[in-house]
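S.K.: Before we start, here is the structure in question, set down as structure tokens.
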Amino acid sequence: MATPILKVSGLKKYFLSSGGFTGRNKQVIKAVDGVDFEIYPGETVGLVGESGCGKTTVGRTILKLYDPTEGSIFFEGQDIAHASKVEIFSIRSKMQMIFQDPYASLNPRHTVGEIIGAPFQIHTKLSKDEIKNEVQSLLTKVGLNPEHINRFPHEFSGGQRQRIGIARALALRPKLIVADEPVSALDVSIQAQVVNLLDDLQDEYGLAYLFVAHDLSVVQHISDRVIVMYLGKVMEIAKTESLFKEPRHPYTKALLSAVPIPDPKLERSRERITLVGDLPTPANPPSGCVFNTRCWKAKDICRTTAPELLTVGSSTVACHFPE
Amino acid sequence: MTIIYLMTAIAEPRKELAQRSPRQIAWMRLKRNKVSMVAAGVALFFVLIAFLAPLVTKIFNVDNTTVYPNVLGDGGVPKGFGGGISWHHPFGLEPGVGRDLFGLLIYGSRISFSIAILTSIAFVAIGLFLGISAAFIGGLLDNTLGRLADFLLAFPTTFMYVALAYPLSLRVEAMGLAHHNGARIIVMVSVLVVFSWPGFFRVVRSQVLSIREKEFILAARTQGASNMRIIFKEILPNLWPLAIVYLSISLPGYLAAEAVFSFLGVGVQAPGSTWGLVLNDATNFWQRDPAYLAIPAGMVIIVVLALNLFGDGLRDALDSKSDR
Ligand code: SF4
């Protein structure tokens, strides 16, 4: 493959919790704690993990909604982790985001035309009529009626709203779209439509997606590669096919075993892995391998030494005892 | 495949809400509320009369300065039924001095409404500005404003005003800003505003803090929207309903407050006239001329009630929780 469009290395994002009334018990929350991966043009990379594993934070930090604590983010070869405001502004149009909640992601007081037209107002000098034309062609693109340009978000269903959000993200012809659980708030019947739309748009515009989700079946459907995160760290990165066929990391295995298989015979015969214990808090992650408190293969070394991300077969895995 | 999902996607939006802006939906809800529509009519009627006072009094051929001593009988009480009600004096006369009560009340309502409207607009504007600033800038400014608001809210407004009215009026006069009733009105509005903004400020601040975390603000940020654009284009439109509700709900309160202060003798003073002042005077005559007390009291009650009912209706209509 060509050069990556996005290359993230050593990315860390720590938050300070406010720490109660006196502010004395401030805690450092290690939401993202050293993450490396890259995304190639036109590729879809799934980012999965339980809620609270830092996957949303990764997406938002890449888009510089948060300032990274450490590490670098190369977008088209330019390090944007510590770029100036002006530099960031110029790359905003190339990286966009689709949000999880189609109700909260559209301003209820704006018309569809204003919502989708905003990026044009901010980044271009197009006239009102030109913006209107652009908006209407975008509406057609995402499967909405261009005559609904003056309607308000409340007049649309959840799936239609998500299409409006997609049109807004698409407005300035971005190269990378971070989709933060874009279908998890939708009905199952509508999820497929939206996923198909994302697929079609990818073919048409050569978009790259970072598809953040916790629903593995959606990720399996849409992704070329999958990143598995746990407690702010990458556990495994692999091609979708090989990840689902032969997961190397114990955590990936556990995640996959929770996905129902449509075939009842297979479903009954397979072994299920139930993780014991709770997700540790990112304020105080376990030493060594962060998964060691819940891993059934954990040995002494897992509690003292953090495993490196190493290539095993066709996967990259952070584990001392990969499968 | 593509065609099929396109067709399902263009399915009609919900009928009732279709083609309506949030404002139109609020208006639709308000229209359905008969009580508050009637109340709105009554309130509007009084406000119009107040601001068209010169015209209205001309039509009735009365004013608020001419005295009619020959209509007054023993002890200054007007002759005839209901305090001297006649074609020429529809509300009768003022006992003692002998001015036309209709003219007095209409010109009086001008002052009362002006004070109430001025106070409401000022405290809403200040609350919006400071609330947005505090929530957005945060840090020291937020802390300072928060403490100041707590501090001011701890004072009883009425007592503060009664204590401060006289010395502050003298101050204003000494500065040459205004004299007599002008100075008292300035002081009244200022004191009411100073003690009123903190409540609204707190509501605005918490609203802005919650709106700020909404995904549509993040969306604006990913597009590279400036803070100014986010405040004016994304946040402010979501605060208007709140501001309008506060405005309409506080209006009758200030109307009543003006009446109370003038009644207590710390507000507008004779020879000016406001409803409170007339009521104060009326207590001297209430046995011999009950109509002189009943008419202005009735007017205050009707207007305050109408404004309150209208404000309630407006709040229900603008309630964004039922927007979905
Ligand atoms: S390093 Fe050890 S604890 Fe961590 S996943 Fe591998 S086996 Fe389990």
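Following the order of the structure tokens, first chain is A, next is B, and so on, with residues numbered from 1 inside each chain and ligands from 1 in the order they appear.
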Please identify every polymer residue within 8 Å of ligand 1, using only C-alpha atoms and all ligand atoms, and present the set as a compact mmCIF listing (two decimals) with C-alpha atoms, in the first residue's frame.
M.R.:
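Output below, filename pocket20.txt:
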# COMPACT_ATOMS: atom_id res chain seq x y z
CA MET A 235 -4.30 -5.06 22.08
CA HIS A 249 -4.99 -11.84 21.63
CA PRO A 250 -6.88 -13.35 24.55
CA TYR A 251 -8.97 -10.18 24.85
CA GLY A 288 2.41 -4.89 33.22
CA CYS A 289 -0.21 -6.02 30.73
CA VAL A 290 -3.36 -4.01 31.42
CA PHE A 291 -5.48 -7.08 30.70
CA ASN A 292 -3.81 -9.28 33.32
CA THR A 293 -6.57 -8.85 35.94
CA ARG A 294 -9.06 -10.58 33.67
CA CYS A 295 -6.89 -12.79 31.50
CA TRP A 296 -7.07 -16.55 32.01
CA LYS A 297 -3.58 -17.02 30.58
CA ALA A 298 -1.87 -14.47 32.79
CA LYS A 299 1.52 -15.48 34.23
CA ILE A 301 5.58 -11.81 33.62
CA CYS A 302 2.22 -10.32 32.62
CA ARG A 303 2.00 -8.51 35.96
CA ALA A 306 3.99 -4.67 29.53
CA PRO A 307 3.99 -6.63 26.26
CA ALA A 318 0.46 -7.03 22.38
CA CYS A 319 0.65 -10.22 24.41
CA HIS A 320 3.34 -12.41 25.95
CA PHE A 321 1.45 -15.55 25.08
CA PRO A 322 -0.43 -14.99 21.83
S.K.: Identify, on the basis of only C-alpha atoms, every residue whose closest approach to Lys13 in chain A does not exceed 9 Å; exclude the query and any residue fewer than 2 positions from it along the same chain; express the result as a CSV table (one decimal) with all heavy atoms, in the first residue's frame.
M.R.:
chain,number,residue,atom,x,y,z
A,11,LEU,N,0.5,7.9,20.8
A,11,LEU,CA,-0.5,8.9,21.2
A,11,LEU,C,-1.0,8.7,22.6
A,11,LEU,O,-1.4,7.6,23.0
A,11,LEU,CB,-1.7,8.8,20.3
A,11,LEU,CG,-2.8,9.9,20.5
A,11,LEU,CD1,-2.2,11.3,20.1
A,11,LEU,CD2,-4.0,9.6,19.7
A,15,PHE,N,-6.6,12.8,31.1
A,15,PHE,CA,-7.5,13.8,31.6
A,15,PHE,C,-7.2,14.0,33.1
A,15,PHE,O,-6.9,13.0,33.8
A,15,PHE,CB,-8.9,13.5,31.4
A,15,PHE,CG,-9.4,13.5,30.0
A,15,PHE,CD1,-9.5,12.3,29.3
A,15,PHE,CD2,-9.6,14.6,29.3
A,15,PHE,CE1,-9.9,12.3,28.0
A,15,PHE,CE2,-10.0,14.6,28.0
A,15,PHE,CZ,-10.1,13.4,27.3
A,29,ILE,N,-6.5,10.5,34.6
A,29,ILE,CA,-7.2,9.4,33.9
A,29,ILE,C,-6.5,9.2,32.6
A,29,ILE,O,-6.5,10.1,31.8
A,29,ILE,CB,-8.7,9.9,33.6
A,29,ILE,CG1,-9.3,10.5,34.9
A,29,ILE,CG2,-9.5,8.7,33.0
A,29,ILE,CD1,-10.3,9.7,35.5
A,30,LYS,N,-6.0,8.0,32.5
A,30,LYS,CA,-5.2,7.7,31.3
A,30,LYS,C,-6.2,7.1,30.2
A,30,LYS,O,-6.3,5.9,30.0
A,30,LYS,CB,-4.1,6.7,31.6
A,30,LYS,CG,-3.1,7.3,32.6
A,30,LYS,CD,-2.0,6.3,32.9
A,30,LYS,CE,-1.0,7.0,33.9
A,30,LYS,NZ,0.0,6.0,34.3
A,31,ALA,N,-6.9,8.0,29.6
A,31,ALA,CA,-7.9,7.6,28.6
A,31,ALA,C,-7.3,6.9,27.4
A,31,ALA,O,-7.8,5.8,27.0
A,31,ALA,CB,-8.8,8.7,28.2
A,32,VAL,N,-6.2,7.5,26.9
A,32,VAL,CA,-5.5,6.8,25.8
A,32,VAL,C,-4.0,6.8,26.3
A,32,VAL,O,-3.5,7.9,26.6
A,32,VAL,CB,-5.6,7.7,24.5
A,32,VAL,CG1,-4.8,7.0,23.4
A,32,VAL,CG2,-7.1,7.7,24.1
A,33,ASP,N,-3.4,5.6,26.2
A,33,ASP,CA,-2.1,5.5,26.9
A,33,ASP,C,-1.1,4.9,25.9
A,33,ASP,O,-0.7,3.7,26.1
A,33,ASP,CB,-2.2,4.7,28.2
A,33,ASP,CG,-1.0,5.0,29.1
A,33,ASP,OD1,-0.3,5.9,28.8
A,33,ASP,OD2,-0.9,4.2,30.1
A,34,GLY,N,-0.7,5.6,24.9
A,34,GLY,CA,0.3,5.0,24.0
A,34,GLY,C,-0.3,4.2,22.9
A,34,GLY,O,-0.4,3.0,23.0
A,57,THR,N,-12.1,8.7,22.6
A,57,THR,CA,-11.1,9.7,22.9
A,57,THR,C,-10.0,9.7,21.7
A,57,THR,O,-9.6,10.8,21.3
A,57,THR,CB,-10.4,9.5,24.2
A,57,THR,OG1,-11.4,9.3,25.2
A,57,THR,CG2,-9.5,10.6,24.6
A,58,VAL,N,-9.7,8.5,21.3
A,58,VAL,CA,-8.7,8.4,20.1
A,58,VAL,C,-9.3,9.2,19.0
A,58,VAL,O,-8.6,10.1,18.4
A,58,VAL,CB,-8.5,7.0,19.7
A,58,VAL,CG1,-7.7,6.9,18.4
A,58,VAL,CG2,-7.7,6.3,20.8
A,61,THR,N,-9.2,13.0,19.6
A,61,THR,CA,-7.9,13.5,19.7
A,61,THR,C,-7.3,13.7,18.3
A,61,THR,O,-6.6,14.6,18.0
A,61,THR,CB,-7.0,12.7,20.6
A,61,THR,OG1,-7.7,12.4,21.8
A,61,THR,CG2,-5.7,13.4,20.9
A,66,TYR,N,-9.5,17.3,21.2
A,66,TYR,CA,-8.7,17.4,22.4
A,66,TYR,C,-7.2,17.5,22.0
A,66,TYR,O,-6.8,17.1,21.0
A,66,TYR,CB,-8.8,16.0,23.2
A,66,TYR,CG,-10.2,15.6,23.6
A,66,TYR,CD1,-10.5,14.3,23.6
A,66,TYR,CD2,-11.1,16.6,24.0
A,66,TYR,CE1,-11.8,13.9,24.0
A,66,TYR,CE2,-12.4,16.2,24.4
A,66,TYR,CZ,-12.7,14.9,24.4
A,66,TYR,OH,-13.9,14.5,24.8
A,67,ASP,N,-6.5,18.2,22.9
A,67,ASP,CA,-5.0,18.3,22.6
A,67,ASP,C,-4.4,17.0,23.2
A,67,ASP,O,-4.6,16.7,24.3
A,67,ASP,CB,-4.4,19.5,23.3
A,67,ASP,CG,-4.6,20.8,22.5
A,67,ASP,OD1,-4.5,20.6,21.3
A,67,ASP,OD2,-4.9,21.8,23.0
A,68,PRO,N,-3.6,16.3,22.4
A,68,PRO,CA,-2.9,15.1,22.9
A,68,PRO,C,-1.9,15.5,24.0
A,68,PRO,O,-1.3,16.5,23.9
A,68,PRO,CB,-2.2,14.6,21.6
A,68,PRO,CG,-2.2,15.7,20.6
A,68,PRO,CD,-3.3,16.6,21.0
A,69,THR,N,-1.8,14.6,24.9
A,69,THR,CA,-0.9,14.8,26.0
A,69,THR,C,0.5,14.5,25.5
A,69,THR,O,1.5,15.2,25.9
A,69,THR,CB,-1.2,13.8,27.2
A,69,THR,OG1,-2.6,14.0,27.5
A,69,THR,CG2,-0.4,14.2,28.4
A,70,GLU,N,0.7,13.5,24.7
A,70,GLU,CA,2.0,13.1,24.2
A,70,GLU,C,1.8,12.4,22.8
A,70,GLU,O,0.6,11.9,22.5
A,70,GLU,CB,2.6,12.1,25.1
A,70,GLU,CG,4.0,12.5,25.5
A,70,GLU,CD,4.6,11.4,26.5
A,70,GLU,OE1,5.0,10.4,26.1
A,70,GLU,OE2,4.5,11.7,27.8
A,71,GLY,N,2.8,12.3,22.1
A,71,GLY,CA,2.8,11.5,20.8
A,71,GLY,C,2.5,12.4,19.6
A,71,GLY,O,2.4,13.6,19.7
A,232,GLY,N,-7.2,2.0,27.1
A,232,GLY,CA,-6.4,3.0,26.5
A,232,GLY,C,-5.2,2.5,25.7
A,232,GLY,O,-4.3,3.2,25.3
S.K.: Taking the DSSP secondary structure from the backbone, can you list the residues of range 22-222 of chain B that are strand (DSSP E or B), as a PyMOL selection string?
M.R.: chain B and resi 67+72+78+93+99-100
S.K.: Just N, CA and C atoms for this one: save the residues we selected as a short mmCIF file (atom, residue, chain, number, x, y, z; two decimals), in the first residue's frame.
M.R.:
data_model
loop_
_atom_site.label_atom_id
_atom_site.label_comp_id
_atom_site.auth_asym_id
_atom_site.auth_seq_id
_atom_site.Cartn_x
_atom_site.Cartn_y
_atom_site.Cartn_z
N VAL B 67 -57.21 70.18 36.92
CA VAL B 67 -57.99 69.89 38.13
C VAL B 67 -59.42 70.39 37.93
N LEU B 72 -65.68 68.43 43.12
CA LEU B 72 -65.41 67.90 44.46
C LEU B 72 -66.39 68.47 45.47
N PRO B 78 -65.19 63.50 45.60
CA PRO B 78 -65.98 63.88 44.42
C PRO B 78 -67.47 63.61 44.64
N LEU B 93 -63.08 60.93 39.69
CA LEU B 93 -62.04 61.92 39.95
C LEU B 93 -61.17 61.51 41.12
N ARG B 99 -58.00 65.67 40.04
CA ARG B 99 -57.64 65.39 38.65
C ARG B 99 -58.47 64.21 38.14
N ASP B 100 -58.48 64.03 36.83
CA ASP B 100 -59.27 62.94 36.25
C ASP B 100 -58.56 61.60 36.48
#
S.K.: Residues within 12 Å of range 35-43 of chain B, please, as a count of residues only. Count only C-alpha atoms; anything in the same chain fewer than 4 positions from it doesn't count.
M.R.: 34
S.K.: In Å, with one decimal, what is the gap from CA of Asn150 in chain A to CA of Lys233 in chain B?
M.R.: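 Between CA of Asn150 in chain A and CA of Lys233 in chain B the gap is 16.7 Å.
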S.K.: List every residue of range 146-311 of chain A that DSSP, applied to the backbone of this structure, assigns to alpha helix (DSSP H), and report them as JSON, numbers by chain.
M.R.: {"A": [158, 159, 160, 161, 162, 163, 164, 165, 166, 167, 168, 169, 170, 188, 189, 190, 191, 192, 193, 194, 195, 196, 197, 198, 199, 200, 201, 202, 203, 204, 205, 216, 217, 218, 219, 220, 221, 222, 240, 241, 242, 243, 244, 245, 250, 251, 252, 253, 254, 255, 256, 257, 264, 265, 266, 267, 268, 269, 300, 301, 302, 303, 304]}
S.K.: Need the shell around range 73-77 of chain A: protein/DNA/RNA residues with any atom at most 7 Å away, counting only C-alpha atoms. Skip same-chain ones fewer than 5 positions apart. Format as an MDAnalysis selection string?
M.R.: chainID A and resid 5:9 62
S.K.: Would you save the residues of that selection, restricted to all heavy atoms, as a PDB file, in the first residue's frame?
M.R.:
ATOM      1  N   ILE A   5      -2.412   7.850   5.101  1.00  0.00           N
ATOM      2  CA  ILE A   5      -2.977   9.200   5.167  1.00  0.00           C
ATOM      3  C   ILE A   5      -2.899   9.711   6.603  1.00  0.00           C
ATOM      4  O   ILE A   5      -2.735  10.897   6.855  1.00  0.00           O
ATOM      5  CB  ILE A   5      -4.430   9.201   4.640  1.00  0.00           C
ATOM      6  CG1 ILE A   5      -4.980  10.633   4.604  1.00  0.00           C
ATOM      7  CG2 ILE A   5      -5.345   8.330   5.467  1.00  0.00           C
ATOM      8  CD1 ILE A   5      -6.249  10.737   3.831  1.00  0.00           C
ATOM      9  N   LEU A   6      -2.999   8.765   7.537  1.00  0.00           N
ATOM     10  CA  LEU A   6      -2.915   9.130   8.947  1.00  0.00           C
ATOM     11  C   LEU A   6      -1.980   8.154   9.648  1.00  0.00           C
ATOM     12  O   LEU A   6      -2.103   6.939   9.479  1.00  0.00           O
ATOM     13  CB  LEU A   6      -4.293   9.054   9.602  1.00  0.00           C
ATOM     14  CG  LEU A   6      -4.305   9.449  11.076  1.00  0.00           C
ATOM     15  CD1 LEU A   6      -4.417  10.955  11.200  1.00  0.00           C
ATOM     16  CD2 LEU A   6      -5.461   8.785  11.810  1.00  0.00           C
ATOM     17  N   LYS A   7      -1.043   8.711  10.405  1.00  0.00           N
ATOM     18  CA  LYS A   7      -0.139   7.841  11.152  1.00  0.00           C
ATOM     19  C   LYS A   7      -0.076   8.368  12.577  1.00  0.00           C
ATOM     20  O   LYS A   7       0.334   9.506  12.811  1.00  0.00           O
ATOM     21  CB  LYS A   7       1.246   7.865  10.508  1.00  0.00           C
ATOM     22  CG  LYS A   7       2.221   6.886  11.136  1.00  0.00           C
ATOM     23  CD  LYS A   7       3.492   6.851  10.292  1.00  0.00           C
ATOM     24  CE  LYS A   7       4.684   6.319  11.064  1.00  0.00           C
ATOM     25  NZ  LYS A   7       4.480   5.039  11.708  1.00  0.00           N
ATOM     26  N   VAL A   8      -0.508   7.535  13.490  1.00  0.00           N
ATOM     27  CA  VAL A   8      -0.545   7.932  14.892  1.00  0.00           C
ATOM     28  C   VAL A   8       0.530   7.154  15.611  1.00  0.00           C
ATOM     29  O   VAL A   8       0.601   5.934  15.476  1.00  0.00           O
ATOM     30  CB  VAL A   8      -1.921   7.587  15.503  1.00  0.00           C
ATOM     31  CG1 VAL A   8      -1.923   7.834  16.989  1.00  0.00           C
ATOM     32  CG2 VAL A   8      -3.018   8.377  14.820  1.00  0.00           C
ATOM     33  N   SER A   9       1.391   7.852  16.343  1.00  0.00           N
ATOM     34  CA  SER A   9       2.358   7.066  17.103  1.00  0.00           C
ATOM     35  C   SER A   9       2.548   7.604  18.521  1.00  0.00           C
ATOM     36  O   SER A   9       2.634   8.805  18.742  1.00  0.00           O
ATOM     37  CB  SER A   9       3.695   6.986  16.359  1.00  0.00           C
ATOM     38  OG  SER A   9       4.167   8.271  16.103  1.00  0.00           O
ATOM     39  N   ILE A  62      -7.587  12.670  17.426  1.00  0.00           N
ATOM     40  CA  ILE A  62      -7.085  12.737  16.053  1.00  0.00           C
ATOM     41  C   ILE A  62      -7.608  13.986  15.370  1.00  0.00           C
ATOM     42  O   ILE A  62      -6.899  14.662  14.634  1.00  0.00           O
ATOM     43  CB  ILE A  62      -7.520  11.484  15.269  1.00  0.00           C
ATOM     44  CG1 ILE A  62      -6.760  10.262  15.756  1.00  0.00           C
ATOM     45  CG2 ILE A  62      -7.295  11.673  13.778  1.00  0.00           C
ATOM     46  CD1 ILE A  62      -7.281   8.988  15.183  1.00  0.00           C
TER      47      ILE A  62
END
S.K.: Tell me, as a ChimeraX atom specification, which residues lie within 8 Å of range 205-216 of chain A, counting only C-alpha atoms; anything in the same chain fewer than 3 positions away does not count.
M.R.: /A:39-51,55-56,59,173-182,184,201-202,219-220,223,256,259
S.K.: Take the residues that were just selected and, keeping C-alpha atoms, output them as a PDB file, in the first residue's frame.
M.R.:
ATOM      1  CA  ILE A  39      -4.790   4.442   8.121  1.00  0.00           C
ATOM      2  CA  TYR A  40      -4.258   4.233   4.370  1.00  0.00           C
ATOM      3  CA  PRO A  41      -6.223   6.191   1.789  1.00  0.00           C
ATOM      4  CA  GLY A  42      -9.561   4.629   0.932  1.00  0.00           C
ATOM      5  CA  GLU A  43      -9.374   2.169   3.797  1.00  0.00           C
ATOM      6  CA  THR A  44     -11.824   1.487   6.602  1.00  0.00           C
ATOM      7  CA  VAL A  45     -10.285   0.782   9.950  1.00  0.00           C
ATOM      8  CA  GLY A  46     -12.558  -0.450  12.704  1.00  0.00           C
ATOM      9  CA  LEU A  47     -11.735   0.599  16.251  1.00  0.00           C
ATOM     10  CA  VAL A  48     -13.406  -1.623  18.796  1.00  0.00           C
ATOM     11  CA  GLY A  49     -13.438  -2.114  22.523  1.00  0.00           C
ATOM     12  CA  GLU A  50     -15.740  -1.912  25.505  1.00  0.00           C
ATOM     13  CA  SER A  51     -17.123   1.474  26.447  1.00  0.00           C
ATOM     14  CA  LYS A  55     -11.787   4.607  21.526  1.00  0.00           C
ATOM     15  CA  THR A  56     -13.928   7.749  21.361  1.00  0.00           C
ATOM     16  CA  GLY A  59     -11.173   9.640  17.472  1.00  0.00           C
ATOM     17  CA  ARG A 173     -14.720  16.574   0.381  1.00  0.00           C
ATOM     18  CA  PRO A 174     -12.679  15.242   3.290  1.00  0.00           C
ATOM     19  CA  LYS A 175     -10.162  12.444   2.902  1.00  0.00           C
ATOM     20  CA  LEU A 176     -10.659  10.921   6.315  1.00  0.00           C
ATOM     21  CA  ILE A 177     -13.858  10.596   8.299  1.00  0.00           C
ATOM     22  CA  VAL A 178     -13.908   9.524  11.910  1.00  0.00           C
ATOM     23  CA  ALA A 179     -17.238   7.802  12.425  1.00  0.00           C
ATOM     24  CA  ASP A 180     -17.898   7.593  16.160  1.00  0.00           C
ATOM     25  CA  GLU A 181     -20.426   4.800  16.614  1.00  0.00           C
ATOM     26  CA  PRO A 182     -22.452   6.173  13.714  1.00  0.00           C
ATOM     27  CA  SER A 184     -25.293   2.337  17.361  1.00  0.00           C
ATOM     28  CA  LEU A 201     -19.707   7.104  -0.459  1.00  0.00           C
ATOM     29  CA  GLN A 202     -16.345   5.546   0.256  1.00  0.00           C
ATOM     30  CA  VAL A 219     -17.305  -3.645  12.214  1.00  0.00           C
ATOM     31  CA  GLN A 220     -16.792  -7.004  10.550  1.00  0.00           C
ATOM     32  CA  SER A 223     -13.819  -2.722   8.012  1.00  0.00           C
ATOM     33  CA  LEU A 256     -15.493 -12.419  19.693  1.00  0.00           C
ATOM     34  CA  VAL A 259     -20.849 -12.185  19.396  1.00  0.00           C
TER      35      VAL A 259
END
